[in-house]
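Asks: Okay, handing you the structure first.
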Amino acid sequence: MEGESSWVSHCFDDISRSIGEFDSFPEFISNESNKEVNSSISVDLILPDDLLERILAFLPIASIFRVGCVCKRWNEIVSSRRFLWNSSNTNVSQQKPWYFMFTSSDEPVGYAYDPILRKWYGIELPCIQTSNWFIASSCGLVCFMDNDSRSQLYVCNPITRHCRRLYEPPGLKNSDYSTLAISVNGKTHAYNVSIMKSKQVPGNFFQWEVWIHVYDSVTLMWTTPLTEVLTGWRGGEESVICDGVMYSLIYSTGGGLPMNRHGLITYNLSSRHGHHGLLMRSFIPVPCSLTCGRLMNLKERLVMVGGIGKQDRPDIIKGIGIWVLKGKEWQEIARMPHKFFQGFGEFDDVFASSGTEDLIYIQSYGAPALLVFDLKRRHWKWSQKCPVTKRFPLQLFTGFCFEPRLEIAP
C-alpha cells in the first residue's frame with residue numbers, strides 16, 4: 001500500500017476502559033503539509049481545551065485518528081468520551097457513508113473508501129472470518145453472521161473495533177436461505193437484529209416455511225414472532241429494516257411470468273405475534289423484470305437497486321434502475337447512464353450494491369470499480385481508483401456501506 005493511506009491498529013481496550021487511546025494513522029505527507037502541522041501546533045499553545053476540542057471536532061473521522069499522534073494533549077482530547085460525543089454531533093451532518101470493498105474471496109481483507117476525502121484506507125474488520133458472511137449495517141454499527149452454520153453473530157463498530165457476540169437465535173439450525181438486517185436507534189443506540197430463515201417443506205418444492213427472529217439489544221433476548229408457509233415463493237438473502245418495518249425480497253419457485261420472478265414482503269417488527277398469511281397479504285410486486293435486487297434504507301425510505309432484464313431474455317441484464325417505495329407503489333428515481341454501465345466492462349446479472357443517507361454504491365463482482373450515486377444531487381460519479389488490481393480471472397469483489405461513527409458501541 002505504498003503511497004496510500006493506511007489504517008493502522010486503533011483498537012479500543014474493551015476490558016479496562018470503554019474509551020481507549022488512538023494509535024497512529026500515518027499518511028504520506030509532503031514538506032508543505034509538515035509546515036502546516038507545525039504552524040497548527042504553535043497555535044495550539046494559546047488555545048484553551050474547550051476551544052481546541054470544538055475545532056478538532058470538525059475534522060473528518062480519518063483525520064481525528066491522525067491528530068491523536070500530534071502530542072499528548074491532543075491525544076487526551078480526542079480520546080475523551082465528551083469529545084467522541086461532541087464530534088459525532090458535529091460530524092453527523094457533514095460525514096458521508098463509507099464503502100468497504102473486500103479484495104479477497106477467502107479472507108476478510110480490503111479497503112474502505114471515504115467519499116469526502118476521496119481516499120481509500122486499509123482497515124481490519126473485527127470478528128468476521130471470511131468475506132462471504134452475511135453483513136448488515138445501520139447508524140455506525142455493522143452486523144456479521146457466518147454463512148455456514150449461521151450461528152456466529154457479531155455486532156461491531158468497524159472504526160473503533162468495539163464488538164459484541166450475540167448468541168444464536170432459537171429454532172431451526174440449518175436453513176436453505178437466510179437474510180440479515182439491523183436497525184439502530186440514533187438517539188438511544190439501542191438496536192434490533194432481524195433474521196428471516198427459509199427452508200423447503202420436505203417433498204414439496206413449491207412450499208417453503210419461513211421463520212422471522214428478532215433480537216432486542218435492550219432485553220438481550222431473541223423472539224420468534226412469526227412462522228409462515230409460503231406457496232409458490234421462497235425466501236432469499238436480501239432484507240432491510242426501514243422505520244420499524246422489515247422488508248424482504250422473495251423469489252418465485254416457478255410457474256409465474258418473468259415479471260413475477262421477484263416480490264417484496266413486509267413485517268412490522270412491533271407486532272408481537274404474526275397471523276397466518278400475514279406475509280403474503282403484504283406482498284408488493286417489483287416494478288419490472290429484475291435479474292437481481294438490492295434493498296437499502298436511505299433516511300428511513302426503502303430504496304431498491306435492481307438489474308433490469310431484457311424483455312425477451314429477462315435473465316440477462318440490460319441496465320440498472322433505482323426505485324423508492326411509496327406506499328405500495330414503486331417510483332423510479334434514476335437509471336444508470338449507459339456510459340457508466342459500459343464502464344464496468346462485463347457486468348454480471350447479479351452485482352453488489354448498498355447505501356445509506358443519500359449515497360448509493362454499486363459494484364460489479366468481477367472488478368474493483370466502484371460507482372457512487374448521490375440521491376440528493378442525482379449525480380453519478382466513479383470513486384477514486386481502489387489500490388488493488390484483479391490478479392486472476394475468477395477473483396471476486398464485493399463490499400458493504402457503513403457510517404463511520406466514533407461514539408456508538410454495540
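In the C-alpha cells, the first chain shown is A, the next is B, and so on; residue numbers restart at 1 for each chain, and ligands run from 1 in the order shown.
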Could you pull out the strand (DSSP E or B) residues of region 157-320 of chain A from DSSP and send them as a PyMOL selection string?
Replies: chain A and resi 163-166+177-184+191-201+204-216+221-231+233-242+245-252+262-268+284-285+290-298+301-309+317-320
Asks: Please provide the set of residues having any atom within 12 Å of Arg150 (chain A), restricted to only C-alpha atoms, with same-chain residues fewer than 3 positions apart removed, written as a compact mmCIF listing (two decimals) with all heavy atoms, in the first residue's frame.
Replies:
# COMPACT_ATOMS: atom_id res chain seq x y z
N ASN A 132 -17.56 -13.91 2.67
CA ASN A 132 -18.88 -14.32 2.23
C ASN A 132 -19.91 -14.37 3.37
O ASN A 132 -20.99 -14.92 3.21
CB ASN A 132 -18.82 -15.69 1.54
CG ASN A 132 -18.52 -16.83 2.52
OD1 ASN A 132 -18.01 -16.60 3.62
ND2 ASN A 132 -18.81 -18.05 2.11
N TRP A 133 -19.58 -13.80 4.53
CA TRP A 133 -20.54 -13.73 5.62
C TRP A 133 -21.68 -12.78 5.26
O TRP A 133 -21.54 -11.90 4.41
CB TRP A 133 -19.85 -13.24 6.89
CG TRP A 133 -19.06 -14.30 7.62
CD1 TRP A 133 -18.43 -15.37 7.07
CD2 TRP A 133 -18.81 -14.37 9.03
NE1 TRP A 133 -17.80 -16.11 8.04
CE2 TRP A 133 -18.02 -15.51 9.25
CE3 TRP A 133 -19.16 -13.59 10.11
CZ2 TRP A 133 -17.58 -15.89 10.52
CZ3 TRP A 133 -18.71 -13.95 11.38
CH2 TRP A 133 -17.95 -15.10 11.58
N PHE A 134 -22.82 -12.98 5.94
CA PHE A 134 -23.92 -12.03 5.82
C PHE A 134 -23.53 -10.74 6.55
O PHE A 134 -22.97 -10.79 7.65
CB PHE A 134 -25.19 -12.60 6.45
CG PHE A 134 -25.77 -13.77 5.70
CD1 PHE A 134 -25.37 -15.06 5.98
CD2 PHE A 134 -26.73 -13.58 4.71
CE1 PHE A 134 -25.90 -16.15 5.31
CE2 PHE A 134 -27.27 -14.65 4.03
CZ PHE A 134 -26.85 -15.94 4.33
N ILE A 135 -23.86 -9.60 5.94
CA ILE A 135 -23.47 -8.31 6.52
C ILE A 135 -24.63 -7.34 6.43
O ILE A 135 -25.29 -7.24 5.39
CB ILE A 135 -22.24 -7.72 5.80
CG1 ILE A 135 -21.06 -8.69 5.86
CG2 ILE A 135 -21.84 -6.38 6.42
CD1 ILE A 135 -19.87 -8.26 5.03
N PHE A 144 -22.47 -8.99 11.56
CA PHE A 144 -21.91 -10.08 10.76
C PHE A 144 -22.55 -11.39 11.18
O PHE A 144 -22.77 -11.63 12.38
CB PHE A 144 -20.39 -10.20 10.96
CG PHE A 144 -19.61 -8.98 10.56
CD1 PHE A 144 -18.84 -8.30 11.49
CD2 PHE A 144 -19.62 -8.52 9.26
CE1 PHE A 144 -18.11 -7.19 11.14
CE2 PHE A 144 -18.89 -7.40 8.89
CZ PHE A 144 -18.13 -6.73 9.83
N MET A 145 -22.84 -12.27 10.23
CA MET A 145 -23.31 -13.63 10.52
C MET A 145 -22.63 -14.60 9.55
O MET A 145 -22.58 -14.35 8.35
CB MET A 145 -24.83 -13.72 10.37
CG MET A 145 -25.39 -15.11 10.65
SD MET A 145 -27.22 -15.18 10.65
CE MET A 145 -27.55 -14.99 8.89
N ASP A 146 -22.11 -15.70 10.09
CA ASP A 146 -21.38 -16.63 9.24
C ASP A 146 -22.32 -17.30 8.25
O ASP A 146 -23.52 -17.44 8.50
CB ASP A 146 -20.65 -17.67 10.09
CG ASP A 146 -21.59 -18.71 10.67
OD1 ASP A 146 -22.41 -18.35 11.53
OD2 ASP A 146 -21.50 -19.86 10.25
N ASN A 147 -21.77 -17.75 7.13
CA ASN A 147 -22.57 -18.28 6.04
C ASN A 147 -22.68 -19.80 6.07
O ASN A 147 -23.33 -20.38 5.21
CB ASN A 147 -21.98 -17.84 4.69
CG ASN A 147 -22.96 -17.96 3.55
OD1 ASN A 147 -24.17 -18.00 3.76
ND2 ASN A 147 -22.46 -18.03 2.33
N LEU A 153 -22.86 -14.74 15.33
CA LEU A 153 -23.41 -13.41 15.09
C LEU A 153 -22.65 -12.39 15.92
O LEU A 153 -22.44 -12.57 17.12
CB LEU A 153 -24.90 -13.37 15.48
CG LEU A 153 -25.86 -13.96 14.46
CD1 LEU A 153 -26.91 -14.79 15.16
CD2 LEU A 153 -26.54 -12.85 13.69
N TYR A 154 -22.22 -11.30 15.25
CA TYR A 154 -21.49 -10.24 15.93
C TYR A 154 -22.07 -8.89 15.51
O TYR A 154 -22.48 -8.71 14.36
CB TYR A 154 -20.01 -10.26 15.57
CG TYR A 154 -19.28 -11.53 15.95
CD1 TYR A 154 -19.19 -12.59 15.05
CD2 TYR A 154 -18.68 -11.68 17.20
CE1 TYR A 154 -18.52 -13.76 15.39
CE2 TYR A 154 -18.00 -12.83 17.55
CZ TYR A 154 -17.93 -13.88 16.64
OH TYR A 154 -17.26 -15.02 16.98
N LEU A 166 -23.49 -12.04 19.72
CA LEU A 166 -24.85 -12.38 20.09
C LEU A 166 -25.00 -13.89 20.09
O LEU A 166 -24.43 -14.57 19.23
CB LEU A 166 -25.87 -11.77 19.11
CG LEU A 166 -25.73 -10.29 18.77
CD1 LEU A 166 -26.86 -9.87 17.83
CD2 LEU A 166 -25.73 -9.44 20.03
N TYR A 167 -25.75 -14.42 21.04
CA TYR A 167 -25.99 -15.85 20.99
C TYR A 167 -26.98 -16.14 19.87
O TYR A 167 -27.79 -15.30 19.49
CB TYR A 167 -26.49 -16.38 22.34
CG TYR A 167 -27.81 -15.85 22.82
CD1 TYR A 167 -29.01 -16.50 22.50
CD2 TYR A 167 -27.89 -14.71 23.63
CE1 TYR A 167 -30.22 -16.03 22.96
CE2 TYR A 167 -29.10 -14.23 24.09
CZ TYR A 167 -30.26 -14.90 23.74
OH TYR A 167 -31.47 -14.42 24.18
N GLU A 168 -26.88 -17.33 19.31
CA GLU A 168 -27.65 -17.64 18.11
C GLU A 168 -29.15 -17.68 18.41
O GLU A 168 -29.58 -17.99 19.52
CB GLU A 168 -27.20 -18.97 17.51
CG GLU A 168 -27.42 -20.18 18.38
CD GLU A 168 -26.94 -21.45 17.70
OE1 GLU A 168 -27.46 -21.75 16.61
OE2 GLU A 168 -26.05 -22.12 18.24
N PRO A 169 -29.97 -17.36 17.40
CA PRO A 169 -31.42 -17.35 17.62
C PRO A 169 -31.95 -18.76 17.83
O PRO A 169 -31.31 -19.75 17.46
CB PRO A 169 -31.96 -16.75 16.31
CG PRO A 169 -30.91 -17.03 15.30
CD PRO A 169 -29.61 -16.95 16.05
N PRO A 170 -33.13 -18.88 18.42
CA PRO A 170 -33.71 -20.20 18.68
C PRO A 170 -34.22 -20.84 17.39
O PRO A 170 -34.24 -20.22 16.33
CB PRO A 170 -34.86 -19.89 19.64
CG PRO A 170 -35.27 -18.49 19.27
CD PRO A 170 -34.00 -17.78 18.90
N LEU A 172 -34.76 -23.34 14.16
CA LEU A 172 -34.08 -24.06 13.10
C LEU A 172 -32.59 -23.74 13.06
O LEU A 172 -32.20 -22.58 13.04
CB LEU A 172 -34.73 -23.71 11.76
CG LEU A 172 -34.23 -24.45 10.52
CD1 LEU A 172 -34.67 -25.91 10.57
CD2 LEU A 172 -34.77 -23.79 9.26
N LYS A 173 -31.76 -24.77 13.02
CA LYS A 173 -30.32 -24.57 12.99
C LYS A 173 -29.83 -24.36 11.56
O LYS A 173 -28.97 -23.52 11.29
CB LYS A 173 -29.60 -25.76 13.62
CG LYS A 173 -29.96 -26.01 15.07
CD LYS A 173 -29.54 -24.84 15.95
CE LYS A 173 -29.87 -25.11 17.42
NZ LYS A 173 -29.52 -23.96 18.28
N ASN A 174 -30.34 -25.15 10.64
CA ASN A 174 -29.90 -25.07 9.25
C ASN A 174 -31.07 -24.67 8.37
O ASN A 174 -32.15 -25.25 8.45
CB ASN A 174 -29.35 -26.42 8.79
CG ASN A 174 -28.12 -26.84 9.56
OD1 ASN A 174 -27.20 -26.05 9.74
ND2 ASN A 174 -28.10 -28.08 10.03
N SER A 175 -30.86 -23.67 7.53
CA SER A 175 -31.90 -23.22 6.61
C SER A 175 -31.31 -23.14 5.21
O SER A 175 -30.10 -23.04 5.03
CB SER A 175 -32.44 -21.85 7.03
OG SER A 175 -31.39 -20.89 7.06
N ASP A 176 -32.19 -23.18 4.22
CA ASP A 176 -31.73 -23.09 2.84
C ASP A 176 -31.33 -21.66 2.48
O ASP A 176 -30.38 -21.44 1.72
CB ASP A 176 -32.82 -23.59 1.89
CG ASP A 176 -33.12 -25.07 2.10
OD1 ASP A 176 -32.17 -25.85 2.29
OD2 ASP A 176 -34.31 -25.44 2.10
N TYR A 177 -32.09 -20.70 3.00
CA TYR A 177 -31.81 -19.28 2.74
C TYR A 177 -32.02 -18.49 4.03
O TYR A 177 -32.87 -18.84 4.85
CB TYR A 177 -32.73 -18.72 1.65
CG TYR A 177 -32.57 -19.41 0.31
CD1 TYR A 177 -33.38 -20.48 -0.06
CD2 TYR A 177 -31.59 -18.98 -0.59
CE1 TYR A 177 -33.21 -21.11 -1.28
CE2 TYR A 177 -31.41 -19.60 -1.82
CZ TYR A 177 -32.23 -20.67 -2.15
OH TYR A 177 -32.06 -21.29 -3.36
N SER A 178 -31.23 -17.42 4.18
CA SER A 178 -31.35 -16.55 5.35
C SER A 178 -31.12 -15.11 4.94
O SER A 178 -30.37 -14.83 3.99
CB SER A 178 -30.34 -16.94 6.44
OG SER A 178 -30.57 -18.24 6.93
N THR A 179 -31.76 -14.20 5.66
CA THR A 179 -31.48 -12.77 5.48
C THR A 179 -31.06 -12.19 6.82
O THR A 179 -31.40 -12.73 7.89
CB THR A 179 -32.71 -12.01 4.97
OG1 THR A 179 -33.70 -11.92 6.02
CG2 THR A 179 -33.32 -12.67 3.75
N LEU A 180 -30.34 -11.09 6.77
CA LEU A 180 -29.87 -10.41 7.98
C LEU A 180 -30.10 -8.92 7.83
O LEU A 180 -29.80 -8.33 6.79
CB LEU A 180 -28.37 -10.68 8.19
CG LEU A 180 -27.70 -9.98 9.37
CD1 LEU A 180 -28.21 -10.55 10.69
CD2 LEU A 180 -26.17 -10.13 9.28
N ILE A 195 -33.56 -11.71 11.55
CA ILE A 195 -33.13 -12.80 10.66
C ILE A 195 -34.37 -13.49 10.14
O ILE A 195 -35.25 -13.87 10.92
CB ILE A 195 -32.23 -13.81 11.40
CG1 ILE A 195 -30.94 -13.13 11.89
CG2 ILE A 195 -31.91 -15.00 10.52
CD1 ILE A 195 -30.07 -14.04 12.72
N MET A 196 -34.46 -13.64 8.84
CA MET A 196 -35.55 -14.42 8.24
C MET A 196 -34.94 -15.66 7.62
O MET A 196 -34.09 -15.58 6.74
CB MET A 196 -36.30 -13.62 7.18
CG MET A 196 -37.56 -14.34 6.70
SD MET A 196 -38.54 -13.40 5.49
CE MET A 196 -37.68 -13.85 3.98
N LYS A 197 -35.39 -16.82 8.10
CA LYS A 197 -34.89 -18.10 7.59
C LYS A 197 -35.97 -18.76 6.73
O LYS A 197 -37.16 -18.65 7.02
CB LYS A 197 -34.49 -19.02 8.74
CG LYS A 197 -33.34 -18.51 9.58
CD LYS A 197 -32.94 -19.51 10.65
CE LYS A 197 -31.73 -19.02 11.45
NZ LYS A 197 -31.30 -20.00 12.47
Asks: Set the distance at 6 Å and use only C-alpha atoms: which residues neighbour Phe397 (chain A) once local chain neighbours fewer than 4 positions away are removed? I'd like the list as an MDAnalysis selection string.
Replies: chainID A and resid 102:103 365
Asks: Emit the selected residues as a short mmCIF file (atom, residue, chain, number, x, y, z; two decimals), in the first residue's frame, including all heavy atoms.
Replies:
data_model
loop_
_atom_site.label_atom_id
_atom_site.label_comp_id
_atom_site.auth_asym_id
_atom_site.auth_seq_id
_atom_site.Cartn_x
_atom_site.Cartn_y
_atom_site.Cartn_z
N PHE A 102 -14.22 -5.72 -0.15
CA PHE A 102 -13.40 -6.91 0.05
C PHE A 102 -12.58 -7.16 -1.20
O PHE A 102 -13.09 -7.10 -2.32
CB PHE A 102 -14.28 -8.13 0.34
CG PHE A 102 -14.99 -8.09 1.65
CD1 PHE A 102 -16.34 -7.79 1.72
CD2 PHE A 102 -14.31 -8.35 2.83
CE1 PHE A 102 -17.01 -7.76 2.93
CE2 PHE A 102 -14.97 -8.33 4.06
CZ PHE A 102 -16.32 -8.03 4.11
N THR A 103 -11.31 -7.47 -1.01
CA THR A 103 -10.44 -7.72 -2.15
C THR A 103 -9.95 -9.16 -2.19
O THR A 103 -9.02 -9.49 -2.92
CB THR A 103 -9.22 -6.78 -2.10
OG1 THR A 103 -8.55 -6.93 -0.84
CG2 THR A 103 -9.67 -5.33 -2.26
N TYR A 365 -19.17 -7.66 -9.30
CA TYR A 365 -18.39 -8.69 -8.61
C TYR A 365 -17.07 -8.98 -9.32
O TYR A 365 -16.14 -9.50 -8.71
CB TYR A 365 -19.20 -9.99 -8.52
CG TYR A 365 -20.35 -9.93 -7.56
CD1 TYR A 365 -21.60 -10.47 -7.90
CD2 TYR A 365 -20.22 -9.36 -6.30
CE1 TYR A 365 -22.66 -10.43 -7.02
CE2 TYR A 365 -21.27 -9.32 -5.41
CZ TYR A 365 -22.50 -9.86 -5.77
OH TYR A 365 -23.55 -9.82 -4.91
#
Asks: Of the candidates A:Ser194, A:Thr231, A:Ser183, A:Ser137, which shows the shortest atom-to-atom distance to Gln207 (chain A), using only C-alpha atoms?
Replies: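 That would be A:Thr231, the residue with the smallest distance to Gln207 (chain A).
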Asks: Which residue is closest to Thr160 (chain A)? Choose from A:Thr266, A:Ser79, A:Gln395, A:Asn260 and count only C-alpha atoms.
Replies: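 The closest residue to Thr160 (chain A) is A:Ser79.
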Asks: Within 12 Å of Glu228 (chain A), counting only C-alpha atoms, which residues qualify if same-chain residues fewer than 4 places away don't, as a short mmCIF file (atom, residue, chain, number, x, y, z; two decimals) with N, CA, C and O atoms, in the first residue's frame?
Replies:
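File out-v4.cif, as written:
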data_model
loop_
_atom_site.label_atom_id
_atom_site.label_comp_id
_atom_site.auth_asym_id
_atom_site.auth_seq_id
_atom_site.Cartn_x
_atom_site.Cartn_y
_atom_site.Cartn_z
N MET A 196 -34.46 -13.64 8.84
CA MET A 196 -35.55 -14.42 8.24
C MET A 196 -34.94 -15.66 7.62
O MET A 196 -34.09 -15.58 6.74
N LYS A 197 -35.39 -16.82 8.10
CA LYS A 197 -34.89 -18.10 7.59
C LYS A 197 -35.97 -18.76 6.73
O LYS A 197 -37.16 -18.65 7.02
N SER A 198 -35.52 -19.44 5.69
CA SER A 198 -36.43 -20.08 4.77
C SER A 198 -35.94 -21.49 4.47
O SER A 198 -34.76 -21.67 4.16
N LYS A 199 -36.84 -22.46 4.55
CA LYS A 199 -36.46 -23.86 4.29
C LYS A 199 -37.59 -24.55 3.54
O LYS A 199 -38.78 -24.38 3.87
N GLN A 200 -37.22 -25.33 2.55
CA GLN A 200 -38.20 -26.05 1.75
C GLN A 200 -38.94 -27.08 2.58
O GLN A 200 -38.34 -27.79 3.39
N VAL A 201 -40.25 -27.14 2.39
CA VAL A 201 -41.05 -28.18 3.03
C VAL A 201 -40.66 -29.52 2.40
O VAL A 201 -40.65 -29.63 1.16
N GLN A 207 -43.58 -25.24 -1.68
CA GLN A 207 -43.89 -24.72 -0.36
C GLN A 207 -42.61 -24.55 0.45
O GLN A 207 -41.78 -25.47 0.52
N TRP A 208 -42.49 -23.38 1.05
CA TRP A 208 -41.32 -23.05 1.85
C TRP A 208 -41.75 -22.45 3.18
O TRP A 208 -42.58 -21.54 3.22
N GLU A 209 -41.19 -22.99 4.25
CA GLU A 209 -41.51 -22.48 5.58
C GLU A 209 -40.57 -21.33 5.93
O GLU A 209 -39.36 -21.39 5.64
N VAL A 210 -41.12 -20.28 6.51
CA VAL A 210 -40.37 -19.07 6.84
C VAL A 210 -40.48 -18.78 8.32
O VAL A 210 -41.57 -18.86 8.90
N TRP A 211 -39.33 -18.43 8.94
CA TRP A 211 -39.30 -18.01 10.34
C TRP A 211 -38.67 -16.63 10.42
O TRP A 211 -37.68 -16.36 9.73
N ILE A 212 -39.21 -15.77 11.25
CA ILE A 212 -38.61 -14.46 11.50
C ILE A 212 -38.18 -14.40 12.96
O ILE A 212 -38.99 -14.61 13.86
N THR A 224 -39.33 -15.07 18.32
CA THR A 224 -39.73 -15.58 17.00
C THR A 224 -41.20 -15.24 16.81
O THR A 224 -42.08 -16.06 17.08
N TRP A 233 -43.49 -19.38 -3.50
CA TRP A 233 -42.43 -18.41 -3.23
C TRP A 233 -41.50 -18.96 -2.16
O TRP A 233 -41.92 -19.74 -1.30
N ARG A 234 -40.27 -18.50 -2.21
CA ARG A 234 -39.29 -18.84 -1.16
C ARG A 234 -38.57 -17.58 -0.71
O ARG A 234 -38.55 -16.57 -1.42
N GLY A 235 -37.99 -17.67 0.47
CA GLY A 235 -37.19 -16.55 0.96
C GLY A 235 -35.87 -16.48 0.21
O GLY A 235 -35.50 -17.39 -0.53
N TYR A 267 -42.87 -6.94 7.16
CA TYR A 267 -43.29 -7.34 8.50
C TYR A 267 -42.96 -6.23 9.49
O TYR A 267 -41.80 -5.80 9.57
N HIS A 273 -46.96 -10.92 17.55
CA HIS A 273 -47.35 -12.22 17.02
C HIS A 273 -47.91 -12.03 15.62
O HIS A 273 -48.73 -11.15 15.37
N GLY A 274 -47.44 -12.86 14.70
CA GLY A 274 -47.93 -12.80 13.33
C GLY A 274 -49.13 -13.71 13.13
O GLY A 274 -49.27 -14.74 13.82
N HIS A 275 -49.98 -13.36 12.22
CA HIS A 275 -51.15 -14.17 11.90
C HIS A 275 -50.89 -14.93 10.60
O HIS A 275 -50.10 -14.52 9.76
N HIS A 276 -51.58 -16.05 10.44
CA HIS A 276 -51.38 -16.89 9.27
C HIS A 276 -51.67 -16.10 7.99
O HIS A 276 -52.69 -15.42 7.88
N GLY A 277 -50.74 -16.18 7.05
CA GLY A 277 -50.93 -15.48 5.79
C GLY A 277 -50.55 -14.02 5.82
O GLY A 277 -50.75 -13.31 4.84
N LEU A 278 -49.98 -13.56 6.94
CA LEU A 278 -49.67 -12.14 7.09
C LEU A 278 -48.65 -11.67 6.05
O LEU A 278 -48.78 -10.60 5.46
N LEU A 279 -47.61 -12.49 5.79
CA LEU A 279 -46.57 -12.07 4.87
C LEU A 279 -47.09 -11.93 3.45
O LEU A 279 -46.81 -10.94 2.77
N MET A 280 -47.85 -12.91 2.96
CA MET A 280 -48.32 -12.83 1.59
C MET A 280 -49.39 -11.76 1.41
O MET A 280 -49.56 -11.21 0.31
N ARG A 281 -50.09 -11.39 2.47
CA ARG A 281 -51.05 -10.27 2.36
C ARG A 281 -50.31 -8.94 2.20
O ARG A 281 -50.89 -7.96 1.71
#
Asks: Please provide as a list in words all residues within 9 Å of Ala352 (chain A), with the sequence filter that same-chain residues fewer than 2 positions apart are discarded (counting only C-alpha atoms).
Replies: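 Once the nearby chain positions are removed, what remains is Arg294, Val350, Ser354, Tyr361, Ile362, Gln363, Ser364, Tyr365, Phe397, Thr398, Gly399 and Phe400 of chain A.
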Asks: Near Arg377 (chain A), counting only C-alpha atoms, which residues have an atom at most 12 Å away, once you skip same-chain residues fewer than 5 positions from it, shown as a list in words?
Replies: Ile333, Ala334, Asp358, Leu359, Ile360 and Val372 of chain A
Asks: Neighbouring residues of Gly366 (chain A) were defined as those with any atom within 8 Å, considering only C-alpha atoms; residues of the same chain fewer than 5 positions away were excluded. Please report them as a ChimeraX atom specification.
Replies: /A:346-348,394-397
Asks: What would the file look like if the residues just selected were written as a PDB file, in the first residue's frame with C-alpha atoms?
Replies:
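Dumped everything to out.pdb:
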ATOM      1  CA  GLU A 346     -18.519  -7.151 -18.497  1.00  0.00           C
ATOM      2  CA  PHE A 347     -21.345  -6.698 -15.986  1.00  0.00           C
ATOM      3  CA  ASP A 348     -22.874  -9.797 -14.364  1.00  0.00           C
ATOM      4  CA  LEU A 394     -12.071 -15.747 -11.000  1.00  0.00           C
ATOM      5  CA  GLN A 395     -11.175 -13.175  -8.353  1.00  0.00           C
ATOM      6  CA  LEU A 396     -14.391 -11.695  -6.934  1.00  0.00           C
ATOM      7  CA  PHE A 397     -15.021  -8.340  -5.305  1.00  0.00           C
TER       8      PHE A 397
END
Asks: Under the rule that only C-alpha atoms are counted, which of A:Pro97, A:Pro393, A:Pro404, A:Pro387 is the nearest residue to Trp120 (chain A)?
Replies: A:Pro387
Asks: From region 84-319 of chain A, collect each residue whose DSSP state is alpha helix (DSSP H) and return the set as a PyMOL selection string.
Replies: chain A and resi 84-91+278-281
Asks: With only C-alpha atoms as the atoms that count, which of A:Pro158, A:Gly244, A:Gly345, A:Pro285 lies nearest to Ile408 (chain A)?
Replies: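 Ranked by minimum distance to Ile408 (chain A), first place goes to A:Pro158.
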